[in-house]
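Structure data (mmCIF, C-alpha atoms, pLDDT in the B column; chains and numbers go by the auth columns) from data-v8.cif:
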data_work
#
loop_
_atom_site.group_PDB
_atom_site.id
_atom_site.type_symbol
_atom_site.label_atom_id
_atom_site.label_comp_id
_atom_site.label_asym_id
_atom_site.label_seq_id
_atom_site.Cartn_x
_atom_site.Cartn_y
_atom_site.Cartn_z
_atom_site.B_iso_or_equiv
_atom_site.auth_seq_id
_atom_site.auth_asym_id
ATOM 1 C CA MET A 1 128.534 51.549 123.214 46.00 109 A
ATOM 2 C CA HIS A 2 125.903 54.137 122.591 50.00 110 A
ATOM 3 C CA GLN A 3 122.691 54.331 124.648 54.00 111 A
ATOM 4 C CA TRP A 4 119.486 55.743 123.206 52.00 112 A
ATOM 5 C CA ASP A 5 117.497 58.248 125.190 52.00 113 A
ATOM 6 C CA LEU A 6 114.032 56.798 124.817 48.00 114 A
ATOM 7 C CA SER A 7 112.241 59.696 126.495 50.00 115 A
ATOM 8 C CA LEU A 8 112.721 61.870 123.402 52.00 116 A
ATOM 9 C CA PHE A 9 111.071 59.427 121.010 51.00 117 A
ATOM 10 C CA SER A 10 107.891 57.464 120.919 61.00 118 A
ATOM 11 C CA VAL A 11 108.877 53.886 121.614 67.00 119 A
ATOM 12 C CA THR A 12 107.708 51.308 119.180 73.00 120 A
ATOM 13 C CA PRO A 13 108.168 47.608 119.889 75.00 121 A
ATOM 14 C CA ALA A 14 110.939 47.428 117.300 73.00 122 A
ATOM 15 C CA ALA A 15 112.752 50.357 118.870 75.00 123 A
ATOM 16 C CA SER A 16 112.583 48.826 122.348 79.00 124 A
ATOM 17 C CA LEU A 17 113.922 45.515 120.967 79.00 125 A
ATOM 18 C CA LEU A 18 116.803 47.305 119.232 77.00 126 A
ATOM 19 C CA SER A 19 117.667 49.300 122.344 81.00 127 A
ATOM 20 C CA ARG A 20 117.823 46.092 124.407 82.00 128 A
ATOM 21 C CA CYS A 21 120.090 44.535 121.795 81.00 129 A
ATOM 22 C CA VAL A 22 122.392 47.565 121.852 82.00 130 A
ATOM 23 C CA SER A 23 122.472 47.689 125.672 85.00 131 A
ATOM 24 C CA ARG A 24 123.457 44.007 125.899 82.00 132 A
ATOM 25 C CA GLY A 25 126.066 44.301 123.174 79.00 133 A
ATOM 26 C CA ALA A 26 124.411 42.021 120.668 77.00 134 A
ATOM 27 C CA VAL A 27 124.370 44.776 118.057 76.00 135 A
ATOM 28 C CA CYS A 28 126.299 48.031 117.901 79.00 136 A
ATOM 29 C CA GLN A 29 124.691 51.387 117.122 79.00 137 A
ATOM 30 C CA GLU A 30 126.768 51.871 113.965 79.00 138 A
ATOM 31 C CA GLU A 31 125.341 48.732 112.426 76.00 139 A
ATOM 32 C CA ILE A 32 121.812 49.851 113.128 74.00 140 A
ATOM 33 C CA ASP A 33 122.577 53.313 111.698 73.00 141 A
ATOM 34 C CA SER A 34 124.089 51.844 108.541 69.00 142 A
ATOM 35 C CA VAL A 35 121.173 49.476 108.069 67.00 143 A
ATOM 36 C CA SER A 36 118.567 52.159 108.663 62.00 144 A
ATOM 37 C CA SER A 37 120.336 54.604 106.313 57.00 145 A
ATOM 38 C CA LYS A 38 120.456 52.016 103.533 53.00 146 A
ATOM 39 C CA ARG A 39 116.866 50.947 104.090 52.00 147 A
ATOM 40 C CA SER A 40 117.851 47.405 103.289 48.00 148 A
ATOM 41 C CA PRO A 41 115.277 44.681 103.501 50.00 149 A
ATOM 42 C CA ALA A 42 116.880 43.384 106.721 50.00 150 A
ATOM 43 C CA PHE A 43 113.722 44.315 108.585 55.00 151 A
ATOM 44 C CA SER A 44 110.457 42.770 107.631 64.00 152 A
ATOM 45 C CA SER A 45 108.070 44.645 105.360 70.00 153 A
ATOM 46 C CA HIS A 46 105.395 44.314 108.056 69.00 154 A
ATOM 47 C CA LEU A 47 107.567 46.326 110.440 72.00 155 A
ATOM 48 C CA GLN A 48 108.058 49.064 107.851 74.00 156 A
ATOM 49 C CA GLU A 49 104.318 49.147 107.134 78.00 157 A
ATOM 50 C CA ALA A 50 103.589 49.429 110.843 78.00 158 A
ATOM 51 C CA GLU A 51 106.017 52.312 111.198 82.00 159 A
ATOM 52 C CA GLN A 52 104.411 54.049 108.209 84.00 160 A
ATOM 53 C CA ARG A 53 100.955 53.579 109.739 85.00 161 A
ATOM 54 C CA ILE A 54 102.161 55.013 113.043 87.00 162 A
ATOM 55 C CA ARG A 55 103.639 58.028 111.238 86.00 163 A
ATOM 56 C CA ALA A 56 100.413 58.517 109.284 87.00 164 A
ATOM 57 C CA VAL A 57 98.339 58.369 112.486 85.00 165 A
ATOM 58 C CA LYS A 58 100.645 60.922 114.130 86.00 166 A
ATOM 59 C CA GLN A 59 100.363 63.229 111.125 87.00 167 A
ATOM 60 C CA LEU A 60 96.580 62.836 111.158 86.00 168 A
ATOM 61 C CA ASP A 61 96.478 63.705 114.864 84.00 169 A
ATOM 62 C CA GLU A 62 98.649 66.772 114.220 86.00 170 A
ATOM 63 C CA LEU A 63 96.364 67.854 111.376 86.00 171 A
ATOM 64 C CA HIS A 64 93.282 67.445 113.588 84.00 172 A
ATOM 65 C CA LEU A 65 94.967 69.506 116.293 85.00 173 A
ATOM 66 C CA GLU A 66 95.902 72.221 113.781 85.00 174 A
ATOM 67 C CA ALA A 67 92.331 72.267 112.451 84.00 175 A
ATOM 68 C CA GLU A 68 90.955 72.654 115.983 84.00 176 A
ATOM 69 C CA LEU A 69 93.421 75.465 116.689 82.00 177 A
ATOM 70 C CA LEU A 70 92.427 77.212 113.458 82.00 178 A
ATOM 71 C CA GLN A 71 88.770 76.883 114.396 82.00 179 A
ATOM 72 C CA VAL A 72 89.438 78.421 117.828 80.00 180 A
ATOM 73 C CA VAL A 73 91.433 81.252 116.247 79.00 181 A
ATOM 74 C CA LYS A 74 88.667 81.846 113.718 80.00 182 A
ATOM 75 C CA GLU A 75 85.984 81.938 116.415 77.00 183 A
ATOM 76 C CA SER A 76 88.009 84.386 118.517 73.00 184 A
ATOM 77 C CA ALA A 77 88.617 86.526 115.420 69.00 185 A
ATOM 78 C CA ASP A 78 84.881 86.516 114.693 67.00 186 A
ATOM 79 C CA VAL A 79 84.152 87.653 118.243 64.00 187 A
ATOM 80 C CA THR A 80 86.818 90.354 118.013 65.00 188 A
ATOM 81 C CA HIS A 81 85.564 91.398 114.580 61.00 189 A
ATOM 82 C CA SER A 82 81.965 91.639 115.805 65.00 190 A
ATOM 83 C CA ARG A 83 83.157 93.735 118.771 67.00 191 A
ATOM 84 C CA SER A 84 85.155 95.993 116.460 71.00 192 A
ATOM 85 C CA LEU A 85 82.123 96.313 114.171 72.00 193 A
ATOM 86 C CA ALA A 86 79.994 97.340 117.134 75.00 194 A
ATOM 87 C CA GLY A 87 82.638 99.907 118.105 77.00 195 A
ATOM 88 C CA ARG A 88 82.793 101.229 114.567 79.00 196 A
ATOM 89 C CA PHE A 89 79.026 101.466 114.398 81.00 197 A
ATOM 90 C CA GLN A 90 78.992 103.403 117.657 84.00 198 A
ATOM 91 C CA MET A 91 81.686 105.786 116.348 85.00 199 A
ATOM 92 C CA LEU A 92 79.698 106.311 113.125 84.00 200 A
ATOM 93 C CA GLN A 93 76.574 107.000 115.150 86.00 201 A
ATOM 94 C CA MET A 94 78.432 109.617 117.228 88.00 202 A
ATOM 95 C CA LEU A 95 79.789 111.233 114.064 85.00 203 A
ATOM 96 C CA SER A 96 76.305 111.310 112.542 85.00 204 A
ATOM 97 C CA ASP A 97 74.882 112.967 115.665 87.00 205 A
ATOM 98 C CA HIS A 98 77.688 115.539 115.611 85.00 206 A
ATOM 99 C CA LEU A 99 77.060 116.342 111.935 83.00 207 A
ATOM 100 C CA GLN A 100 73.332 116.742 112.559 84.00 208 A
ATOM 101 C CA GLN A 101 74.096 119.162 115.404 85.00 209 A
ATOM 102 C CA LEU A 102 76.374 121.163 113.098 83.00 210 A
ATOM 103 C CA LEU A 103 73.663 121.326 110.431 81.00 211 A
ATOM 104 C CA LYS A 104 71.162 122.661 112.958 83.00 212 A
ATOM 105 C CA GLU A 105 73.648 125.328 114.054 83.00 213 A
ATOM 106 C CA LEU A 106 74.381 126.151 110.421 79.00 214 A
ATOM 107 C CA ASN A 107 70.701 126.673 109.655 77.00 215 A
ATOM 108 C CA SER A 108 70.239 128.974 112.665 80.00 216 A
ATOM 109 C CA LEU A 109 73.389 130.907 111.687 77.00 217 A
ATOM 110 C CA ARG A 110 72.130 131.237 108.100 77.00 218 A
ATOM 111 C CA GLN A 111 68.806 132.602 109.366 78.00 219 A
ATOM 112 C CA ARG A 112 70.580 135.117 111.603 75.00 220 A
ATOM 113 C CA LEU A 113 72.799 136.288 108.751 72.00 221 A
ATOM 114 C CA THR A 114 69.964 136.666 106.265 73.00 222 A
ATOM 115 C CA THR A 115 67.895 138.905 108.543 71.00 223 A
ATOM 116 C CA PRO A 116 68.587 142.577 107.811 65.00 224 A
ATOM 117 C CA PRO A 117 70.746 144.301 110.431 62.00 225 A
ATOM 118 C CA GLY A 118 68.132 147.041 110.948 60.00 226 A
ATOM 119 C CA HIS A 119 65.805 144.570 112.626 57.00 227 A
ATOM 120 C CA THR A 120 68.382 143.498 115.177 58.00 228 A
ATOM 121 C CA HIS A 121 69.993 145.579 117.842 63.00 229 A
ATOM 122 C CA LEU A 122 72.747 144.949 120.301 64.00 230 A
ATOM 123 C CA PRO A 123 72.137 146.087 123.856 72.00 231 A
ATOM 124 C CA VAL A 124 74.825 148.558 124.921 72.00 232 A
ATOM 125 C CA HIS A 125 75.197 149.502 128.550 79.00 233 A
ATOM 126 C CA ALA A 126 74.813 153.202 129.340 79.00 234 A
ATOM 127 C CA HIS A 127 78.381 153.683 130.533 81.00 235 A
ATOM 128 C CA LEU A 128 79.645 152.439 127.113 80.00 236 A
ATOM 129 C CA HIS A 129 77.598 154.814 124.911 80.00 237 A
ATOM 130 C CA ARG A 130 80.431 157.366 124.750 84.00 238 A
ATOM 131 C CA CYS A 131 82.915 154.668 123.663 84.00 239 A
ATOM 132 C CA VAL A 132 80.542 153.423 120.962 83.00 240 A
ATOM 133 C CA LEU A 133 80.206 156.958 119.576 85.00 241 A
ATOM 134 C CA GLU A 134 83.994 157.347 119.489 88.00 242 A
ATOM 135 C CA VAL A 135 84.371 154.025 117.670 88.00 243 A
ATOM 136 C CA VAL A 136 81.739 155.059 115.117 86.00 244 A
ATOM 137 C CA LYS A 137 83.550 158.385 114.523 88.00 245 A
ATOM 138 C CA MET A 138 86.878 156.579 114.143 88.00 246 A
ATOM 139 C CA SER A 139 85.392 154.124 111.651 86.00 247 A
ATOM 140 C CA LEU A 140 83.878 156.996 109.609 85.00 248 A
ATOM 141 C CA ASP A 141 87.258 158.796 109.580 84.00 249 A
ATOM 142 C CA PHE A 142 88.953 155.607 108.505 83.00 250 A
ATOM 143 C CA MET A 143 86.470 155.069 105.678 82.00 251 A
ATOM 144 C CA GLU A 144 86.983 158.655 104.476 81.00 252 A
ATOM 145 C CA THR A 145 90.753 158.319 104.408 85.00 253 A
ATOM 146 C CA LEU A 146 90.734 154.778 103.066 83.00 254 A
ATOM 147 C CA GLU A 147 90.621 155.943 99.454 80.00 255 A
ATOM 148 C CA GLU A 148 93.565 158.253 100.013 82.00 256 A
ATOM 149 C CA LYS A 149 95.519 155.451 101.654 80.00 257 A
ATOM 150 C CA LEU A 150 94.760 153.112 98.769 82.00 258 A
ATOM 151 C CA ASP A 151 95.892 155.760 96.254 80.00 259 A
ATOM 152 C CA SER A 152 99.148 156.222 98.161 78.00 260 A
ATOM 153 C CA VAL A 153 99.739 152.446 98.126 76.00 261 A
ATOM 154 C CA HIS A 154 99.113 152.319 94.385 75.00 262 A
ATOM 155 C CA SER A 155 101.391 155.303 93.859 74.00 263 A
ATOM 156 C CA CYS A 156 104.156 153.545 95.805 71.00 264 A
ATOM 157 C CA SER A 157 104.071 150.704 93.330 70.00 265 A
ATOM 158 C CA SER A 158 104.047 153.137 90.438 74.00 266 A
ATOM 159 C CA THR A 159 106.897 155.070 92.112 74.00 267 A
ATOM 160 C CA THR A 160 109.100 151.982 92.089 78.00 268 A
ATOM 161 C CA ASP A 161 108.293 151.509 88.395 80.00 269 A
ATOM 162 C CA ARG A 162 109.184 155.125 87.722 80.00 270 A
ATOM 163 C CA LEU A 163 112.433 154.808 89.671 84.00 271 A
ATOM 164 C CA SER A 164 113.433 151.787 87.617 86.00 272 A
ATOM 165 C CA GLN A 165 112.608 153.667 84.403 86.00 273 A
ATOM 166 C CA LEU A 166 114.635 156.633 85.669 87.00 274 A
ATOM 167 C CA SER A 167 117.672 154.469 86.424 90.00 275 A
ATOM 168 C CA SER A 168 117.527 152.827 82.979 90.00 276 A
ATOM 169 C CA SER A 169 117.199 156.290 81.367 90.00 277 A
ATOM 170 C CA LEU A 170 120.210 157.478 83.375 91.00 278 A
ATOM 171 C CA ALA A 171 122.242 154.499 82.147 92.00 279 A
ATOM 172 C CA GLN A 172 121.295 155.319 78.532 92.00 280 A
ATOM 173 C CA LEU A 173 122.170 158.989 79.079 91.00 281 A
ATOM 174 C CA LEU A 174 125.618 158.048 80.422 92.00 282 A
ATOM 175 C CA VAL A 175 126.255 155.833 77.391 91.00 283 A
ATOM 176 C CA GLN A 176 125.239 158.631 75.027 90.00 284 A
ATOM 177 C CA THR A 177 127.419 161.107 76.947 91.00 285 A
ATOM 178 C CA ALA A 178 130.416 158.821 76.537 91.00 286 A
ATOM 179 C CA ASP A 179 129.686 158.538 72.794 89.00 287 A
ATOM 180 C CA LEU A 180 129.361 162.336 72.528 88.00 288 A
ATOM 181 C CA GLN A 181 132.679 162.850 74.290 89.00 289 A
ATOM 182 C CA ASN A 182 134.383 160.426 71.898 89.00 290 A
ATOM 183 C CA LEU A 183 132.909 162.296 68.943 85.00 291 A
ATOM 184 C CA SER A 184 133.987 165.668 70.386 85.00 292 A
ATOM 185 C CA ASN A 185 137.558 164.332 70.713 86.00 293 A
ATOM 186 C CA GLN A 186 137.506 163.155 67.105 85.00 294 A
ATOM 187 C CA VAL A 187 136.249 166.505 65.726 82.00 295 A
ATOM 188 C CA PRO A 188 139.598 168.359 66.258 82.00 296 A
ATOM 189 C CA GLN A 189 141.461 165.489 64.648 82.00 297 A
ATOM 190 C CA TRP A 190 139.202 165.699 61.564 80.00 298 A
ATOM 191 C CA ARG A 191 139.776 169.420 61.320 76.00 299 A
ATOM 192 C CA ASP A 192 143.507 168.906 61.308 79.00 300 A
ATOM 193 C CA VAL A 193 143.235 166.267 58.623 80.00 301 A
ATOM 194 C CA HIS A 194 140.934 168.375 56.368 74.00 302 A
ATOM 195 C CA LEU A 195 142.915 171.601 56.774 66.00 303 A
#
With the file now loaded, output its structure as structure tokens.
Amino acid sequence: MHQWDLSLFSVTPAASLLSRCVSRGAVCQEEIDSVSSKRSPAFSSHLQEAEQRIRAVKQLDELHLEAELLQVVKESADVTHSRSLAGRFQMLQMLSDHLQQLLKELNSLRQRLTTPPGHTHLPVHAHLHRCVLEVVKMSLDFMETLEEKLDSVHSCSSTTDRLSQLSSSLAQLLVQTADLQNLSNQVPQWRDVHL
């Protein structure tokens, strides 16, 4: 005989009656299983209606519980969302302040750059005057020789072009030399034929 574990199921009056019948041997479990699988009208229609009502009440309770859980989740999401919005607003405010600071610095830099350099002077310590003069002389020498250096760079590029032209001319000259040698070898043969 098969015993039901009633702790796993909700016990209806019909289920408790059937379990007592099975435990006393009045009905075997296989008969109950075959009857319940066939859904024969062996049980009263009132019992089936009661079971359907109980199932409907359980489903309603589950739906209410799910709705309450969804409401709690929604409320916590709203709180989290409002916190994240506050954080985003604070980040945007910091970014705006930073951009305003950059604009102020940009305006002061623009004013400094637009003033002519003759009106500004850089303080140079006395022990550095000699070094400043040397740097000025070096920069003047560099500016004088800059044009020569640029010409030499341009001539280097033209030199490579000229070298490539020279090599192609050499190749043409070698081809013409080979043709000339062939013709010079044929000239004695023509003499012999015409004489």
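Coordinates place atom CA of A:Glu252 at a distance of 27.8 Å from atom CA of A:Thr223.
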* Structure fact -> A straight line from atom CA of A:Pro121 to atom CA of A:Ser153 spans 14.8 Å
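Separating atom CA of A:Glu138 from atom CA of A:Leu126 is a distance of 12.2 Å.
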